[in-house]
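input.cif follows; it contains mmCIF, C-alpha atoms.
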data_final
loop_
_atom_site.group_PDB
_atom_site.id
_atom_site.type_symbol
_atom_site.label_atom_id
_atom_site.label_comp_id
_atom_site.auth_asym_id
_atom_site.auth_seq_id
_atom_site.Cartn_x
_atom_site.Cartn_y
_atom_site.Cartn_z
ATOM 1 C CA HIS G 201 -52.526 -9.557 -1.189
ATOM 2 C CA ALA G 202 -49.407 -8.335 -2.884
ATOM 3 C CA VAL G 203 -49.436 -4.623 -3.591
ATOM 4 C CA ALA G 204 -51.692 -1.604 -3.744
ATOM 5 C CA SER G 205 -50.025 0.026 -6.736
ATOM 6 C CA PRO G 206 -50.075 -0.989 -10.414
ATOM 7 C CA ASP G 207 -46.366 -1.775 -10.693
ATOM 8 C CA GLY G 208 -45.537 -2.748 -7.125
ATOM 9 C CA SER G 209 -44.203 -5.990 -5.701
ATOM 10 C CA TYR G 210 -44.006 -7.848 -2.437
ATOM 11 C CA LEU G 211 -41.179 -10.063 -1.240
ATOM 12 C CA TYR G 212 -41.083 -11.997 2.003
ATOM 13 C CA PRO G 213 -37.810 -11.858 3.941
ATOM 14 C CA ALA G 214 -35.058 -14.036 2.480
ATOM 15 C CA ASP G 215 -35.622 -16.725 5.133
ATOM 16 C CA THR G 216 -39.394 -16.951 4.507
ATOM 17 C CA ALA G 217 -41.658 -18.446 1.842
ATOM 18 C CA VAL G 218 -45.306 -19.439 1.415
ATOM 19 C CA GLU G 219 -45.784 -23.193 1.278
ATOM 20 C CA ILE G 220 -48.270 -24.595 -1.241
ATOM 21 C CA PRO G 221 -48.912 -28.305 -0.637
ATOM 22 C CA SER G 222 -48.464 -30.798 -3.443
ATOM 23 C CA GLY G 223 -51.580 -31.193 -5.571
ATOM 24 C CA TRP G 224 -53.099 -27.856 -4.568
ATOM 25 C CA LEU G 225 -54.306 -25.369 -7.181
ATOM 26 C CA LEU G 226 -52.945 -21.838 -6.888
ATOM 27 C CA ALA G 227 -55.584 -19.255 -7.839
ATOM 28 C CA VAL G 228 -54.704 -15.588 -8.300
ATOM 29 C CA GLN G 229 -57.269 -12.795 -8.125
ATOM 30 C CA ALA G 230 -56.765 -9.192 -9.173
ATOM 31 C CA HIS G 231 -59.161 -6.266 -9.249
ATOM 32 C CA ALA G 232 -58.928 -2.650 -10.336
ATOM 33 C CA ILE G 233 -61.093 0.463 -10.222
ATOM 34 C CA ASN G 234 -61.984 2.174 -13.506
ATOM 35 C CA ALA G 235 -62.552 5.820 -12.578
ATOM 36 C CA SER G 236 -63.005 6.900 -16.206
ATOM 37 C CA PRO G 237 -66.360 7.128 -18.024
ATOM 38 C CA LYS G 238 -65.207 4.645 -20.689
ATOM 39 C CA ASP G 239 -64.603 0.909 -20.722
ATOM 40 C CA GLN G 240 -60.945 0.016 -20.291
ATOM 41 C CA GLN G 241 -58.946 -3.091 -21.149
ATOM 42 C CA LEU G 242 -56.708 -4.219 -18.333
ATOM 43 C CA GLY G 243 -53.587 -6.317 -18.748
ATOM 44 C CA ILE G 244 -52.221 -8.032 -15.642
ATOM 45 C CA GLU G 245 -48.867 -9.746 -15.280
ATOM 46 C CA VAL G 246 -48.020 -11.665 -12.116
ATOM 47 C CA THR G 247 -44.580 -13.101 -11.343
ATOM 48 C CA PHE G 248 -43.841 -15.593 -8.563
ATOM 49 C CA GLN G 249 -40.370 -16.295 -7.265
ATOM 50 C CA TYR G 250 -39.474 -19.763 -6.017
ATOM 51 C CA ALA G 251 -37.719 -19.979 -2.684
ATOM 52 C CA GLN G 252 -34.137 -21.168 -2.835
ATOM 53 C CA GLY G 253 -33.525 -24.181 -0.622
ATOM 54 C CA GLN G 254 -35.556 -24.895 2.495
ATOM 55 C CA PRO G 255 -36.705 -21.649 4.174
ATOM 56 C CA ALA G 256 -36.479 -21.384 7.931
ATOM 57 C CA ASN G 257 -39.900 -19.722 8.161
ATOM 58 C CA LEU G 258 -43.296 -20.048 6.527
ATOM 59 C CA GLY G 259 -45.220 -16.955 5.529
ATOM 60 C CA GLY G 260 -48.900 -16.121 5.556
ATOM 61 C CA LEU G 261 -51.430 -13.345 5.103
ATOM 62 C CA TYR G 262 -53.689 -12.016 7.850
ATOM 63 C CA ILE G 263 -56.972 -10.205 7.260
ATOM 64 C CA MET G 264 -58.981 -8.619 10.060
ATOM 65 C CA GLN G 265 -62.254 -7.041 8.997
ATOM 66 C CA ASP G 266 -65.519 -5.827 10.455
ATOM 67 C CA GLU G 267 -68.516 -7.154 8.507
ATOM 68 C CA ILE G 268 -71.400 -6.340 10.867
ATOM 69 C CA PHE G 269 -71.291 -2.522 11.082
ATOM 70 C CA ARG G 270 -74.207 -0.323 10.005
ATOM 71 C CA LEU G 271 -73.574 3.332 9.160
ATOM 72 C CA PRO G 272 -76.575 5.674 9.626
ATOM 73 C CA PRO G 273 -77.289 8.047 6.726
ATOM 74 C CA GLY G 274 -75.911 11.585 6.834
ATOM 75 C CA GLN G 275 -73.721 10.960 9.869
ATOM 76 C CA MET G 276 -70.154 10.258 10.948
ATOM 77 C CA ALA G 277 -69.700 6.914 12.683
ATOM 78 C CA THR G 278 -66.901 4.865 14.270
ATOM 79 C CA THR G 279 -66.887 1.107 14.880
ATOM 80 C CA MET G 280 -64.410 -1.181 16.639
ATOM 81 C CA ILE G 281 -63.711 -4.915 16.886
ATOM 82 C CA SER G 282 -61.154 -6.794 19.002
ATOM 83 C CA GLY G 283 -59.765 -10.295 19.168
ATOM 84 C CA ALA G 284 -56.828 -12.676 19.411
ATOM 85 C CA PHE G 285 -54.727 -13.995 16.517
ATOM 86 C CA SER G 286 -57.642 -16.105 15.255
ATOM 87 C CA ALA G 287 -59.535 -12.832 14.701
ATOM 88 C CA LEU G 288 -56.878 -11.927 12.135
ATOM 89 C CA ASN G 289 -58.170 -14.829 10.023
ATOM 90 C CA PRO G 290 -54.656 -16.061 9.207
ATOM 91 C CA GLN G 291 -54.471 -17.285 5.616
ATOM 92 C CA THR G 292 -52.114 -20.238 5.493
ATOM 93 C CA PHE G 293 -52.300 -23.773 4.138
ATOM 94 C CA MET G 294 -50.648 -25.140 7.267
ATOM 95 C CA SER G 295 -51.972 -25.532 10.804
ATOM 96 C CA GLN G 296 -52.596 -22.174 12.457
ATOM 97 C CA PRO G 297 -49.545 -20.884 14.343
ATOM 98 C CA VAL G 298 -49.874 -19.019 17.629
ATOM 99 C CA VAL G 299 -46.428 -17.435 17.946
ATOM 100 C CA VAL G 300 -45.665 -15.341 14.853
ATOM 101 C CA ASP G 301 -43.778 -12.287 13.632
ATOM 102 C CA LEU G 302 -45.965 -9.625 12.000
ATOM 103 C CA LEU G 303 -44.149 -8.076 9.034
ATOM 104 C CA ASP G 304 -46.394 -5.245 7.829
ATOM 105 C CA ALA G 305 -49.914 -3.822 7.884
ATOM 106 C CA GLN G 306 -52.274 -1.831 5.673
ATOM 107 C CA GLY G 307 -55.682 -0.316 6.444
ATOM 108 C CA HIS G 308 -58.493 -0.261 3.894
ATOM 109 C CA THR G 309 -61.922 1.333 3.508
ATOM 110 C CA HIS G 310 -64.007 2.513 0.571
ATOM 111 C CA ASN G 311 -64.949 6.059 -0.466
ATOM 112 C CA HIS G 312 -66.763 7.056 2.735
ATOM 113 C CA GLY G 313 -63.905 6.014 5.011
ATOM 114 C CA ARG G 314 -62.020 8.695 6.922
ATOM 115 C CA SER G 315 -59.534 6.653 8.976
ATOM 116 C CA VAL G 316 -58.455 3.148 9.960
ATOM 117 C CA ASN G 317 -56.777 2.423 13.308
ATOM 118 C CA PHE G 318 -55.043 -0.859 14.175
ATOM 119 C CA ASN G 319 -53.458 -1.560 17.563
ATOM 120 C CA VAL G 320 -51.548 -4.611 18.821
ATOM 121 C CA THR G 321 -50.874 -5.163 22.535
ATOM 122 C CA ASP G 322 -49.220 -8.038 24.358
ATOM 123 C CA GLY G 323 -50.652 -10.071 27.235
ATOM 124 C CA GLN G 324 -49.520 -7.454 29.778
ATOM 125 C CA GLY G 325 -51.169 -4.593 27.901
ATOM 126 C CA LYS G 326 -47.917 -3.228 26.439
ATOM 127 C CA ASN G 327 -48.451 -1.554 23.088
ATOM 128 C CA LEU G 328 -46.563 -3.324 20.284
ATOM 129 C CA PHE G 329 -47.969 -1.391 17.326
ATOM 130 C CA ALA G 330 -50.366 1.496 16.750
ATOM 131 C CA GLY G 331 -51.086 2.450 13.160
ATOM 132 C CA THR G 332 -53.451 4.952 11.543
ATOM 133 C CA TRP G 333 -54.288 5.200 7.838
ATOM 134 C CA PRO G 334 -56.452 7.662 5.923
ATOM 135 C CA GLY G 335 -59.642 6.229 4.503
ATOM 136 C CA GLY G 336 -59.642 5.020 0.920
ATOM 137 C CA GLU G 337 -58.781 2.121 -1.323
ATOM 138 C CA SER G 338 -54.979 2.230 -1.342
ATOM 139 C CA PRO G 339 -53.351 3.786 1.709
ATOM 140 C CA PRO G 340 -49.645 3.074 2.189
ATOM 141 C CA VAL G 341 -48.364 -0.250 3.483
ATOM 142 C CA VAL G 342 -46.493 0.121 6.784
ATOM 143 C CA ASN G 343 -43.441 -2.149 6.735
ATOM 144 C CA PHE G 344 -42.376 -2.793 10.311
ATOM 145 C CA GLY G 345 -38.710 -3.240 9.435
ATOM 146 C CA GLN G 346 -38.136 -5.081 12.690
ATOM 147 C CA PRO G 347 -40.875 -7.747 12.828
ATOM 148 C CA ILE G 348 -43.336 -7.512 15.720
ATOM 149 C CA HIS G 349 -43.142 -10.731 17.737
ATOM 150 C CA VAL G 350 -46.543 -11.764 19.123
ATOM 151 C CA ASP G 351 -47.839 -14.838 20.934
ATOM 152 C CA GLY G 352 -51.236 -16.294 21.771
ATOM 153 C CA MET G 353 -51.813 -13.704 24.514
ATOM 154 C CA ALA G 354 -51.646 -10.701 22.139
ATOM 155 C CA LYS G 355 -54.753 -8.613 21.475
ATOM 156 C CA TYR G 356 -55.705 -6.873 18.229
ATOM 157 C CA ASP G 357 -58.047 -3.851 17.966
ATOM 158 C CA LEU G 358 -59.392 -2.509 14.679
ATOM 159 C CA SER G 359 -61.518 0.621 14.373
ATOM 160 C CA CYS G 360 -62.737 2.684 11.416
ATOM 161 C CA THR G 361 -64.403 6.064 11.023
ATOM 162 C CA TRP G 362 -66.685 6.963 8.117
ATOM 163 C CA GLN G 363 -68.683 9.945 6.893
ATOM 164 C CA ASN G 364 -71.864 8.617 5.318
ATOM 165 C CA ASN G 365 -73.048 11.453 3.082
ATOM 166 C CA THR G 366 -75.744 9.351 1.446
ATOM 167 C CA ALA G 367 -79.444 9.188 2.279
ATOM 168 C CA SER G 368 -79.272 5.453 3.024
ATOM 169 C CA PRO G 369 -77.540 3.283 5.637
ATOM 170 C CA LEU G 370 -74.259 1.705 4.555
ATOM 171 C CA GLY G 371 -72.791 -1.659 5.503
ATOM 172 C CA PHE G 372 -70.456 -4.357 4.280
ATOM 173 C CA PRO G 373 -69.451 -4.755 1.432
ATOM 174 C CA ASP G 374 -70.468 -1.292 0.138
ATOM 175 C CA GLU G 375 -68.111 -0.008 2.781
ATOM 176 C CA MET G 376 -65.263 -1.889 4.444
ATOM 177 C CA CYS G 377 -63.158 -1.772 7.583
ATOM 178 C CA VAL G 378 -60.100 -3.922 6.975
ATOM 179 C CA VAL G 379 -56.495 -4.295 8.046
ATOM 180 C CA LEU G 380 -54.296 -6.821 6.311
ATOM 181 C CA GLY G 381 -50.648 -7.750 6.136
ATOM 182 C CA HIS G 382 -48.097 -10.530 6.199
ATOM 183 C CA TYR G 383 -46.510 -12.622 8.926
ATOM 184 C CA LYS G 384 -43.956 -15.390 9.300
ATOM 185 C CA TYR G 385 -43.474 -18.240 11.754
ATOM 186 C CA PRO G 386 -40.784 -20.896 12.231
ATOM 187 C CA GLN G 387 -41.137 -23.998 10.106
ATOM 188 C CA ALA G 388 -41.153 -26.966 12.454
ATOM 189 C CA GLU G 389 -41.357 -30.506 11.180
ATOM 190 C CA TYR G 390 -43.642 -32.848 13.119
ATOM 191 C CA PRO G 391 -41.432 -35.547 14.685
ATOM 192 C CA TYR G 392 -42.646 -38.468 12.556
ATOM 193 C CA ALA G 393 -39.123 -39.857 12.136
ATOM 194 C CA ARG G 394 -38.590 -39.814 15.886
ATOM 195 C CA LEU G 395 -41.918 -41.545 16.487
ATOM 196 C CA VAL G 396 -41.054 -44.273 13.985
ATOM 197 C CA GLU G 397 -37.622 -44.792 15.522
ATOM 198 C CA GLU G 398 -38.951 -44.847 19.084
ATOM 199 C CA THR G 399 -41.735 -47.257 18.114
ATOM 200 C CA ARG G 400 -39.195 -49.575 16.515
ATOM 201 C CA ARG G 401 -36.932 -49.427 19.569
ATOM 202 C CA ARG G 402 -39.517 -49.880 22.327
ATOM 203 C CA SER G 403 -41.258 -53.071 23.436
ATOM 204 C CA ARG G 404 -44.731 -53.441 24.893
ATOM 205 C CA GLN G 405 -43.165 -53.448 28.345
ATOM 206 C CA ASP G 406 -41.703 -49.956 27.908
ATOM 207 C CA ARG G 407 -43.537 -46.839 28.997
ATOM 208 C CA GLU G 408 -45.328 -44.827 26.327
ATOM 209 C CA LEU G 409 -43.392 -42.112 24.607
ATOM 210 C CA GLU G 410 -44.241 -38.986 26.573
ATOM 211 C CA LEU G 411 -44.715 -36.560 23.685
ATOM 212 C CA ALA G 412 -47.803 -35.062 25.287
ATOM 213 C CA LEU G 413 -45.962 -34.304 28.533
ATOM 214 C CA GLN G 414 -43.048 -32.851 26.608
ATOM 215 C CA MET G 415 -45.423 -30.573 24.670
ATOM 216 C CA ILE G 416 -47.056 -29.415 27.911
ATOM 217 C CA ARG G 417 -43.649 -28.622 29.402
ATOM 218 C CA LYS G 418 -42.686 -26.654 26.295
ATOM 219 C CA ILE G 419 -45.938 -24.668 26.378
ATOM 220 C CA HIS G 420 -45.446 -24.007 30.096
ATOM 221 C CA ASP G 421 -41.917 -22.767 29.458
ATOM 222 C CA THR G 422 -43.303 -20.372 26.829
ATOM 223 C CA TYR G 423 -46.424 -19.065 28.560
ATOM 224 C CA GLY G 424 -45.920 -19.806 32.241
ATOM 225 C CA ASP G 425 -49.045 -20.620 34.230
ATOM 226 C CA LYS G 426 -51.341 -18.707 31.875
ATOM 227 C CA LEU G 427 -51.945 -20.844 28.812
ATOM 228 C CA PRO G 428 -53.909 -19.699 25.724
ATOM 229 C CA ASP G 429 -57.110 -21.687 25.307
ATOM 230 C CA GLY G 430 -57.256 -21.290 21.518
ATOM 231 C CA THR G 431 -59.197 -18.035 21.602
ATOM 232 C CA GLY G 432 -56.340 -15.965 22.980
ATOM 233 C CA ARG G 433 -57.853 -15.860 26.472
ATOM 234 C CA ALA G 434 -55.751 -16.910 29.441
ATOM 235 C CA SER G 435 -56.684 -20.118 31.196
ATOM 236 C CA HIS G 436 -54.952 -21.707 34.177
#
Could you write out this structure as structure tokens?
Amino acid sequence: HAVASPDGSYLYPADTAVEIPSGWLLAVQAHAINASPKDQQLGIEVTFQYAQGQPANLGGLYIMQDEIFRLPPGQMATTMISGAFSALNPQTFMSQPVVVDLLDAQGHTHNHGRSVNFNVTDGQGKNLFAGTWPGGESPPVVNFGQPIHVDGMAKYDLSCTWQNNTASPLGFPDEMCVVLGHYKYPQAEYPYARLVEETRRRSRQDRELELALQMIRKIHDTYGDKLPDGTGRASH
């Protein structure tokens, strides 16, 4: 997801880039709506900028969407879904981060949509972001300016309101309830070099390298006694 306007652009912060592993194929998809009664030829030009040097952060795209709603004919309806960071369906080639900085957000529905609401709260229930967009294909992107720092305890709520003026029920994908945006997280190299060096230095009489204990201590320092269990729920 780059832009919602024909001549727009999107740039990650200067310290952030998307990593594409060696040997992977980069596929680009674009779509447009032809509102005229005639066939149109569409020319699309896409430009990518290479990151200079080694960025401090990796970037990704999040997409949270409701796919199980059913809108009764001739009525107004509102639906809502909630979840942890995994519910945002983070799009990244790397392992899924838990602690990230959200950079922006954009709501999205189709023609029957009236509003999109997206709320982010931390583990203590403090509101970190509350955004509302009008229904439609291309509402404005909200750039946070100051990134919103979230961890594995954060909660995300997405709700949409529609007016179904048709005589038939509507569901996904004829209508959509989506919020999407970009995030960044620190690039941390797995300590392979340290493991190799420690393995070379130690004998069979030495104690095992306590990486697991060190990781547990680091997680405890970050989350305290309430650790995320992978779903965003607190576990002791």
Can you turn the PyMOL selection byres ((chain G and resi 278) around 12) into a concrete residue list for this file, as a ChimeraX atom specification?
/G:266,269-272,275-277,279-281,312-317,358-364,377
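In this structure, CA of Ser338 (chain G) sits 8.2 Å away from CA of Gly307 (chain G).
Residue nearest Pro334 (chain G), chosen from G:Leu303, G:Phe318, G:Ser209, G:Ala214 and counting all atoms listed in the file: G:Phe318.
Here CA of Pro373 (chain G) is placed at a distance of 7.5 Å from CA of Glu267 (chain G).
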Excluding Leu328 (chain G) and residues on its chain fewer than 3 positions from it, collect all residues at most 8 Å away from it, counting only C-alpha atoms, and give them as a PDB file with C-alpha atoms, in the coordinates of the input.
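Printed below is selection07.pdb as written:
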ATOM      1  CA  ASN G 319     -53.458  -1.560  17.563  1.00  0.00           C
ATOM      2  CA  VAL G 320     -51.548  -4.611  18.821  1.00  0.00           C
ATOM      3  CA  THR G 321     -50.874  -5.163  22.535  1.00  0.00           C
ATOM      4  CA  ASP G 322     -49.220  -8.038  24.358  1.00  0.00           C
ATOM      5  CA  ILE G 348     -43.336  -7.512  15.720  1.00  0.00           C
TER       6      ILE G 348
END
Result set of the PyMOL selection byres ((chain G and resi 213) around 10) on the coordinates above, as a list in words
Tyr210, Leu211, Tyr212, Ala214, Asp215, Thr216, Ala217, Pro255, Asn257, Gly259, Leu303 and Lys384 of chain G
Which one of G:Gln306, G:Gln249, G:Asn289, G:Thr366 sits closest to Val341 (chain G) if you count only C-alpha atoms?
G:Gln306
Selected residue of minimal separation from Gly331 (chain G) among G:Val299, G:Leu288, G:Ala354, G:Ala305, counting all atoms listed in the file:
G:Ala305
Would you translate the PyMOL selection byres ((chain G and resi 378) around 7) into the concrete set of residues it matches in this file, as JSON, numbers by chain?
{"G": [264, 265, 266, 307, 308, 309, 376, 377, 379, 380]}
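With CA of Phe285 (chain G) on one side and CA of Ile220 (chain G) on the other, the separation reads 21.7 Å.
Of the listed residues G:Pro369, G:Glu375, G:His231, G:Asp304, the one whose atoms come nearest to Gly335 (chain G) is G:Glu375, with distances taken using only C-alpha atoms.
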